Structure formats: C-alpha cells, structure tokens
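Trainee: This is the content of data-v1.txt (compact mmCIF, C-alpha atoms and all ligand atoms):
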# COMPACT_ATOMS: atom_id res chain seq x y z
CA MET A 1 -62.70 75.57 -195.09
CA ASP A 2 -64.80 77.25 -192.41
CA ALA A 3 -63.94 81.01 -192.42
CA SER A 4 -63.92 81.13 -188.62
CA ALA A 5 -61.32 78.32 -188.36
CA PRO A 6 -58.24 80.61 -187.94
CA ALA A 7 -59.99 82.55 -185.16
CA GLN A 8 -60.97 79.31 -183.42
CA HIS A 9 -57.44 78.00 -183.76
CA ARG A 10 -56.01 81.24 -182.28
CA SER A 11 -58.52 81.10 -179.43
CA ARG A 12 -57.68 77.47 -178.62
CA ALA A 13 -53.94 78.16 -178.80
CA PHE A 14 -54.08 81.18 -176.46
CA LYS A 15 -56.45 79.61 -173.95
CA GLY A 16 -54.74 76.21 -174.08
CA ASP A 17 -51.35 77.77 -173.34
CA ALA A 18 -52.77 79.88 -170.50
CA THR A 19 -54.56 76.91 -168.95
CA ARG A 20 -51.48 74.66 -169.00
CA ARG A 21 -49.16 77.37 -167.71
CA PHE A 22 -51.34 78.66 -164.88
CA ALA A 23 -52.71 75.32 -163.73
CA ALA A 24 -49.11 74.22 -163.20
CA TRP A 25 -48.07 77.55 -161.67
CA ALA A 26 -51.00 78.08 -159.27
CA HIS A 27 -49.29 76.57 -156.24
CA SER A 28 -45.98 78.46 -156.43
CA TYR A 29 -47.24 81.64 -158.16
CA ASP A 30 -47.12 83.78 -155.01
CA ARG A 31 -43.49 82.86 -154.32
CA SER A 32 -42.36 83.71 -157.85
CA ILE A 33 -39.74 86.43 -158.30
CA LEU A 34 -42.18 87.99 -160.78
CA ASN A 35 -44.48 88.66 -157.86
CA PHE A 36 -42.02 91.15 -156.42
CA LEU A 37 -40.83 92.58 -159.71
CA LEU A 38 -44.08 92.86 -161.62
CA PHE A 39 -47.26 91.81 -159.89
CA ARG A 40 -47.08 93.53 -156.49
CA PRO A 41 -46.56 97.00 -158.00
CA SER A 42 -49.72 96.32 -160.00
CA TYR A 43 -51.76 95.58 -156.85
CA LEU A 44 -50.54 98.89 -155.42
CA THR A 45 -51.77 100.74 -158.52
CA LEU A 46 -55.14 98.94 -158.35
CA LEU A 47 -55.51 99.87 -154.68
CA GLU A 48 -54.77 103.50 -155.50
CA GLU A 49 -57.40 103.49 -158.22
CA LEU A 50 -59.92 101.92 -155.83
CA HIS A 51 -59.17 104.74 -153.37
CA ALA A 52 -59.59 107.28 -156.17
CA TRP A 53 -63.00 105.82 -157.09
CA GLN A 54 -64.07 105.88 -153.45
CA ALA A 55 -62.95 109.49 -153.10
CA ASP A 56 -65.43 110.38 -155.87
CA HIS A 57 -68.34 108.13 -154.85
CA ALA A 58 -69.59 107.96 -151.29
CA ARG A 59 -70.71 104.35 -151.31
CA ARG A 60 -69.53 100.78 -151.26
CA CYS A 61 -67.63 99.75 -154.37
CA ARG A 62 -68.49 96.61 -156.34
CA VAL A 63 -65.22 95.36 -157.83
CA LEU A 64 -64.72 92.71 -160.51
CA ASP A 65 -61.09 91.53 -160.84
CA ILE A 66 -60.70 89.68 -164.14
CA GLY A 67 -57.84 87.20 -164.57
CA CYS A 68 -57.50 87.41 -160.78
CA GLY A 69 -54.87 84.65 -160.50
CA THR A 70 -54.34 83.66 -156.87
CA GLY A 71 -56.55 86.54 -155.70
CA SER A 72 -53.84 88.70 -154.13
CA PHE A 73 -55.47 92.02 -154.99
CA ALA A 74 -58.88 90.89 -153.70
CA GLY A 75 -57.23 89.60 -150.54
CA LEU A 76 -55.51 92.94 -149.92
CA VAL A 77 -58.83 94.77 -150.27
CA ALA A 78 -60.43 92.40 -147.74
CA VAL A 79 -57.57 92.46 -145.23
CA ALA A 80 -57.43 96.26 -145.34
CA GLY A 81 -61.17 96.34 -144.58
CA LEU A 82 -61.87 98.61 -147.54
CA ASP A 83 -65.48 99.42 -148.28
CA ALA A 84 -65.80 97.06 -151.23
CA ASP A 85 -67.16 93.72 -152.37
CA VAL A 86 -64.85 91.90 -154.76
CA VAL A 87 -65.52 89.15 -157.26
CA GLY A 88 -62.39 87.56 -158.72
CA LEU A 89 -62.76 85.65 -161.98
CA ASP A 90 -60.11 83.44 -163.58
CA PHE A 91 -60.10 81.03 -166.48
CA VAL A 92 -58.09 78.43 -164.56
CA PRO A 93 -59.98 76.71 -161.71
CA GLN A 94 -56.72 75.89 -159.86
CA MET A 95 -56.06 79.62 -159.52
CA CYS A 96 -59.51 80.14 -157.96
CA VAL A 97 -58.94 77.27 -155.51
CA ARG A 98 -55.63 78.80 -154.45
CA ALA A 99 -57.25 82.25 -154.15
CA ARG A 100 -60.02 80.94 -151.88
CA GLY A 101 -57.47 79.16 -149.71
CA LYS A 102 -55.62 82.43 -149.04
CA LEU A 103 -58.62 84.36 -147.71
CA PRO A 104 -58.85 84.86 -143.95
CA ILE A 105 -61.57 82.61 -142.48
CA GLY A 106 -64.91 84.38 -142.34
CA THR A 107 -64.25 86.79 -145.21
CA ASP A 108 -67.60 87.33 -146.88
CA SER A 109 -66.82 90.36 -149.04
CA VAL A 110 -64.79 88.39 -151.60
CA ARG A 111 -65.62 85.46 -153.83
CA PHE A 112 -63.87 83.73 -156.70
CA LEU A 113 -65.22 81.92 -159.70
CA ALA A 114 -63.86 80.29 -162.82
CA GLY A 115 -64.84 81.93 -166.09
CA ASP A 116 -63.67 83.45 -169.35
CA SER A 117 -63.03 87.18 -169.70
CA GLU A 118 -64.68 87.04 -173.13
CA HIS A 119 -68.01 85.86 -171.72
CA LEU A 120 -68.53 87.40 -168.31
CA PRO A 121 -71.31 85.64 -166.37
CA PHE A 122 -72.78 88.89 -165.01
CA ALA A 123 -75.68 91.16 -165.84
CA ASP A 124 -75.07 94.52 -167.50
CA ALA A 125 -74.01 97.38 -165.20
CA SER A 126 -73.21 95.11 -162.21
CA PHE A 127 -69.87 96.64 -161.12
CA ASP A 128 -68.33 100.00 -160.22
CA LEU A 129 -64.72 99.03 -160.83
CA VAL A 130 -63.46 96.44 -163.29
CA THR A 131 -59.79 95.60 -162.78
CA CYS A 132 -57.51 93.37 -164.81
CA SER A 133 -53.79 93.07 -164.14
CA ASN A 134 -51.12 91.16 -166.05
CA SER A 135 -53.70 89.00 -167.80
CA PHE A 136 -54.85 90.89 -170.91
CA HIS A 137 -51.96 89.63 -173.10
CA HIS A 138 -53.41 86.11 -172.79
CA TYR A 139 -56.70 87.08 -174.43
CA PRO A 140 -57.09 86.12 -178.09
CA HIS A 141 -59.92 88.61 -178.68
CA GLN A 142 -58.91 91.70 -176.77
CA GLN A 143 -61.41 94.11 -178.29
CA ALA A 144 -64.29 91.78 -177.38
CA VAL A 145 -63.03 91.59 -173.80
CA VAL A 146 -62.93 95.38 -173.45
CA HIS A 147 -66.56 95.45 -174.66
CA GLU A 148 -67.37 92.95 -171.89
CA PHE A 149 -65.62 95.21 -169.35
CA ARG A 150 -67.80 98.08 -170.52
CA ARG A 151 -71.00 96.02 -170.54
CA VAL A 152 -70.74 95.00 -166.88
CA LEU A 153 -69.72 98.50 -165.75
CA ALA A 154 -72.35 100.67 -164.06
CA PRO A 155 -72.70 104.34 -165.09
CA GLY A 156 -69.83 106.29 -163.52
CA GLY A 157 -67.82 103.09 -163.09
CA ARG A 158 -64.20 102.65 -164.13
CA VAL A 159 -61.97 100.10 -165.82
CA VAL A 160 -58.36 99.75 -164.69
CA LEU A 161 -56.42 97.57 -167.12
CA ILE A 162 -52.77 96.86 -166.34
CA ASP A 163 -50.38 95.05 -168.62
CA GLY A 164 -46.77 95.11 -169.75
CA PHE A 165 -45.80 98.37 -171.44
CA ARG A 166 -44.06 97.31 -174.66
CA ASP A 167 -43.82 100.78 -176.24
CA ASN A 168 -40.27 101.57 -175.19
CA VAL A 169 -37.08 99.62 -175.85
CA ILE A 170 -36.96 97.91 -172.45
CA GLY A 171 -40.61 96.92 -172.65
CA TRP A 172 -40.24 95.62 -176.18
CA VAL A 173 -37.31 93.40 -175.19
CA VAL A 174 -39.01 92.14 -172.02
CA PHE A 175 -42.50 91.53 -173.38
CA ASP A 176 -42.31 91.15 -177.15
CA VAL A 177 -39.10 89.16 -177.18
CA ALA A 178 -38.54 87.40 -173.82
CA VAL A 179 -42.09 86.88 -172.48
CA ALA A 180 -43.48 86.01 -175.91
CA ARG A 181 -40.76 83.39 -176.33
CA ILE A 182 -41.30 81.91 -172.86
CA GLU A 183 -45.10 82.04 -172.76
CA GLY A 184 -45.95 81.20 -176.37
CA HIS A 185 -49.34 82.53 -177.41
CA VAL A 186 -49.49 85.99 -175.85
CA HIS A 187 -49.86 89.49 -177.24
CA HIS A 188 -48.93 92.70 -175.41
CA ALA A 189 -50.92 95.33 -177.26
CA PRO A 190 -49.32 98.72 -177.96
CA TRP A 191 -50.84 101.44 -175.81
CA ARG A 192 -52.43 103.20 -178.81
CA ARG A 193 -54.36 100.04 -179.57
CA ILE A 194 -55.57 99.72 -175.97
CA ASP A 195 -56.67 103.34 -176.17
CA ALA A 196 -58.57 102.53 -179.39
CA TYR A 197 -60.22 99.49 -177.75
CA PHE A 198 -61.40 101.69 -174.87
CA ARG A 199 -62.82 104.36 -177.19
CA ASP A 200 -64.54 101.78 -179.36
CA ALA A 201 -66.22 100.31 -176.28
CA GLY A 202 -67.56 103.75 -175.29
CA LEU A 203 -65.22 104.37 -172.37
CA THR A 204 -64.32 108.01 -171.73
CA GLU A 205 -61.84 110.07 -169.68
CA ILE A 206 -59.10 107.68 -170.72
CA ARG A 207 -55.75 108.15 -169.02
CA ARG A 208 -52.69 106.06 -168.44
CA ARG A 209 -50.15 105.56 -165.67
CA LYS A 210 -46.77 104.03 -166.37
CA PHE A 211 -44.77 102.40 -163.60
CA ASN A 212 -41.81 100.06 -163.04
CA LEU A 213 -38.55 100.74 -164.82
CA LEU A 214 -37.15 97.28 -165.51
CA PHE A 215 -40.47 95.55 -166.16
CA PRO A 216 -42.43 98.54 -167.43
CA ALA A 217 -46.17 98.34 -166.95
CA VAL A 218 -49.01 100.62 -167.94
CA ALA A 219 -52.39 101.09 -166.33
CA THR A 220 -55.08 102.29 -168.71
CA ILE A 221 -58.07 103.79 -166.94
CA GLY A 222 -61.39 104.62 -168.56
CA SER A 223 -64.85 105.53 -167.31
CA ALA A 224 -68.39 104.62 -168.21
CA PRO A 225 -70.27 107.91 -168.61
CA ALA A 226 -72.39 108.82 -165.57
CA LEU A 227 -76.16 108.97 -165.97
CA GLN A 228 -77.53 112.30 -167.19
CA GLY A 229 -78.80 114.32 -164.25
CA ALA A 230 -76.87 112.31 -161.68
CA GLY A 231 -75.86 114.40 -158.69
CA PRO A 232 -72.34 115.54 -157.87
CA PRO A 233 -69.73 112.89 -157.11
CA GLY A 234 -70.50 111.27 -153.78
CA GLY A 235 -73.99 112.76 -153.62
CA GLY A 236 -75.96 110.04 -155.45
CA SER A 237 -79.29 108.96 -154.03
CA ASP A 238 -77.98 105.48 -153.19
CA ALA A 239 -74.95 106.85 -151.35
CA GLU A 240 -74.58 105.60 -147.78
CA ALA A 241 -73.34 108.35 -145.51
CA GLY A 242 -70.00 107.77 -143.88
CA THR A 243 -69.10 104.58 -145.68
CA VAL A 244 -66.07 105.94 -147.51
CA ARG A 245 -62.81 105.46 -145.72
CA ASP A 246 -59.91 107.85 -145.86
CA PRO A 247 -59.00 107.77 -149.56
CA LYS A 248 -55.34 108.71 -149.12
CA PRO A 249 -53.10 106.54 -151.39
CA PRO A 250 -50.49 105.96 -148.63
CA LEU A 251 -52.90 103.45 -147.06
CA SER A 252 -52.39 101.15 -150.04
CA ARG A 253 -48.65 101.32 -149.48
CA LYS A 254 -49.20 100.29 -145.87
CA VAL A 255 -51.37 97.39 -147.01
CA LEU A 256 -48.66 96.10 -149.30
CA ALA A 257 -45.96 96.58 -146.69
CA GLY A 258 -48.01 94.50 -144.25
C1 LIG B 301 -50.00 86.50 -164.82
S1 LIG B 301 -51.54 86.01 -164.11
C2 LIG B 301 -52.08 87.54 -163.36
C3 LIG B 301 -52.88 87.29 -162.11
C4 LIG B 301 -53.20 88.54 -161.30
N1 LIG B 301 -54.13 89.42 -161.98
C5 LIG B 301 -51.93 89.27 -160.94
O1 LIG B 301 -51.73 90.41 -161.38
O2 LIG B 301 -51.15 88.68 -160.19
C6 LIG B 301 -52.66 85.88 -165.51
C7 LIG B 301 -53.98 85.23 -165.16
O3 LIG B 301 -54.89 85.41 -166.25
C8 LIG B 301 -55.68 84.23 -166.31
N2 LIG B 301 -56.33 84.13 -167.65
C9 LIG B 301 -55.75 83.82 -168.82
N3 LIG B 301 -56.67 83.81 -169.80
C10 LIG B 301 -57.85 84.14 -169.24
C11 LIG B 301 -59.18 84.34 -169.74
N4 LIG B 301 -59.48 84.15 -171.04
N5 LIG B 301 -60.15 84.70 -168.86
C12 LIG B 301 -59.87 84.87 -167.55
N6 LIG B 301 -58.63 84.72 -167.02
C13 LIG B 301 -57.64 84.36 -167.85
C14 LIG B 301 -54.69 83.11 -166.02
O4 LIG B 301 -55.32 81.92 -165.65
C15 LIG B 301 -53.86 83.73 -164.91
O5 LIG B 301 -54.34 83.40 -163.63
Kindly transcribe the structure held in the file into structure tokens.
Mentor:
Amino acid sequence: MDASAPAQHRSRAFKGDATRRFAAWAHSYDRSILNFLLFRPSYLTLLEELHAWQADHARRCRVLDIGCGTGSFAGLVAVAGLDADVVGLDFVPQMCVRARGKLPIGTDSVRFLAGDSEHLPFADASFDLVTCSNSFHHYPHQQAVVHEFRRVLAPGGRVVLIDGFRDNVIGWVVFDVAVARIEGHVHHAPWRRIDAYFRDAGLTEIRRRKFNLLFPAVATIGSAPALQGAGPPGGGSDAEAGTVRDPKPPLSRKVLAG
C-alpha cells in the first residue's frame, strides 16, 4: 500500500467535509447565531491587531485573510476606510461569491479568490498581516499551513491566527466534544502545539490573547523578523507619510457596532 495513502485519506476527509458544509452554509452563514457568539468577536480582535500593526508601521498594510468565509472581516476593513488592501482566500467558491456580493459597489481595496491554505497562490513576502479566524481546525496539515503563512509574510509582518480555545474545560466540551461531533473531520489544536508550529516556522515574538467565555477563543500572534538594519518602526524607507490612521482600538468597536 502506498505509504502516503493515510495522509491523502485524511486530507480528502477534512477538505471534503469542509467543502460540503460551507458550500451549503454560504448563503445563511451571516445570519447564524454563531456569528454573534463566536465569529464577530474574532473580527474585533483582528481589527485590533490591524490597528496595532499600523501603529508600528507608517504605511499601507497588505492583508491576507485565509479561510475568509463570507468576507466579513475584509468588508469591515473596507467600510471603515482603513489604510489597507485585503485579499480574502477561501477553499469554497460559494463563500467567495457571497463575500464579493457583500462589498459596497466600487470597493477596490478588497478582492476574494478561491484557494487552499496549504498552497497559497502568492509570492514569498507578499503580505504584512496574515489573518485566519475560525478556519484552522479544518486544515488536515496544520504545520504546513503555518509554514505557508510564514512564507508569504514580509519581514516585520505578523500572523494572527484565531481558533477555538480547547485548553480549558468549557473549550474542551464545546470544541473537542460538541463541534467535533457536529462537524466531523476537524481538529482544534492545543495552544502549546500552535505555539510549536509558530516556532518551527520561524515566527517570533509569539503571544496569545484569549477571549469569549462561553465559546472560548484564542488568538495566537507571531512576527516575521524584521530585516537587519531596518529603521525604527514607522520610519522605513517605503513609509508614506501621514497614511496611518488613528490606531486607537475603540475604532474597531465602533466599526462592529455600525
Ligand atoms: C467557520 S468559517 C470561518 C470564516 C471566517 N474566517 C470567520 O471567522 O467568519 C471556516 C472557513 O474556512 C474555510 N476553509 C476550510 N478549509 C479550508 C482550506 N483548506 N483552505 C482555505 N479555506 C478553508 C471554509 O470554507 C470556511 O469558509
């Protein structure tokens, strides 16, 4: 038997389940109760991390949102007029269609495309911020995906990976028992493993933010080392003066409230 057969089987099972589930869910996804309980708090955290990046770098941010779903985070960035270009990538074409349909007419700072997180169709060092929320547990080869995150990240860029936090009792019951039973082929990695993935991929300054009590989530943030000899934050040679907006986190709360 071909030694790679179990891995191929696992890959097909995970991706097949995700495709069926999200193709069927694309239309009603934004009205789901999970949107209020789980997904919207994640967009808030992503917006705060985008603000944090912009506070440290005085230039436009190139964002890649992986497993973007119906593109809600990208849409919030565009509607708020933040100084960023966003590419949303999702495995399921129906999700991308829905995401495009939600964008205000004339938005040219956001685009969506179908693709696999394991094989990102981008050149090395193309993005300043790689985000991924509530999608990582669908990936059969998580370590390989984190390497892809790192590959497309420019020096000084950051990864913000959000997924269910299954390292306390509530999280274990919600994600390892309930979600795993409902969704089939999924795996919520323990935080220590995510930390190990980040280190193995060469990401540094790793930190985590936990949020949400009933559906606990964790954001893991890591950086690609800046180039040797690069100037102080915000003072790089390609910085455009005056392009950074007020980086106060409360703006992201206003965006969500709107
Ligand atoms: C629960 S949704 C999260 C969407 C969005 N990030 C959010 O927080 O609302 C998970 C998304 O991951 C996508 N996905 C699953 N496997 C994927 C893969 N291998 N590559 C890219 N996207 C994938 C699904 O199609 C789905 O849209």
Trainee: At a cut-off of 6 Å and counting all atoms listed in the file, what residues surround ligand LIG 301 (chain B)? Please answer as a ChimeraX atom specification.
Mentor: /A:15,18,22,39,66-69,90-92,95,115-117,132-135,138-139
Trainee: May I have the residues within 6 Å of range 206-211 of chain A as a PyMOL selection string, using only C-alpha atoms and disregarding those fewer than 4 positions away in the same chain?
Mentor: chain A and resi 216-222
Trainee: As JSON, please report the centre and edge lengths, rounded to one decimal in Å, of the axis-aligned box that holds all listed atoms of range 12-17 of chain A with 3 Å of padding on each of the six sides.
Mentor:
{"center_x": -54.5, "center_y": 78.7, "center_z": -176.1, "size_x": 12.3, "size_y": 11.0, "size_z": 11.5}
Trainee: Give me, as a ChimeraX atom specification, all polymer residues having an atom no more than 9 Å from range 182-195 of chain A, counting only C-alpha atoms and skipping those fewer than 5 positions away in the same chain.
Mentor: /A:10,13-18,21,136-140,142-143,146,163-167,175-177,200,206-208,218,220
Trainee: Just give me the gap between CA of Asp30 in chain A and CA of Glu118 in chain A in Å, one decimal is fine.
Mentor: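 One can read the CA of Asp30 in chain A to CA of Glu118 in chain A distance as 25.4 Å.
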Trainee: To one decimal in Å, tell me the separation between CA of Tyr197 in chain A and CA of Ala226 in chain A.
Mentor: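 About the pair CA of Tyr197 in chain A and CA of Ala226 in chain A: they are 19.6 Å apart.
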Trainee: What does the distance between CA of Ala99 in chain A and CA of Arg111 in chain A come to in Å, to one decimal place?
Mentor: 9.0 Å
Trainee: May I have the residues within 7 Å of Gln94 in chain A as a ChimeraX atom specification, using all atoms listed in the file and disregarding those fewer than 3 positions away in the same chain?
Mentor: /A:23,26,97-98
Trainee: So, counting all atoms listed in the file, which residue among A:Cys96, A:Ala114, A:Leu129, A:Leu89 is closest to Val63 in chain A?
Mentor: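 Comparing A:Cys96, A:Ala114, A:Leu129, A:Leu89 against Val63 in chain A, the winner is A:Leu129.
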Trainee: So, with all atoms listed in the file as the atoms that count, which of A:Thr107, A:Thr131, A:Thr19, A:Ser42 lies closest to Pro93 in chain A?
Mentor: A:Thr19
Trainee: Using all atoms listed in the file, which of the listed residues (A:Leu38, A:Ala224, A:Leu103, A:Leu120) sits closest to Arg199 in chain A?
Mentor: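 When distances to Arg199 in chain A are compared using all atoms listed in the file, the smallest one comes from A:Ala224.
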Trainee: Any idea what's packed within 6 Å of Arg62 in chain A, counting all atoms listed in the file, ignoring anything in its chain fewer than 3 positions away? Could you give it as a ChimeraX atom specification?
Mentor: /A:84-85,127-128
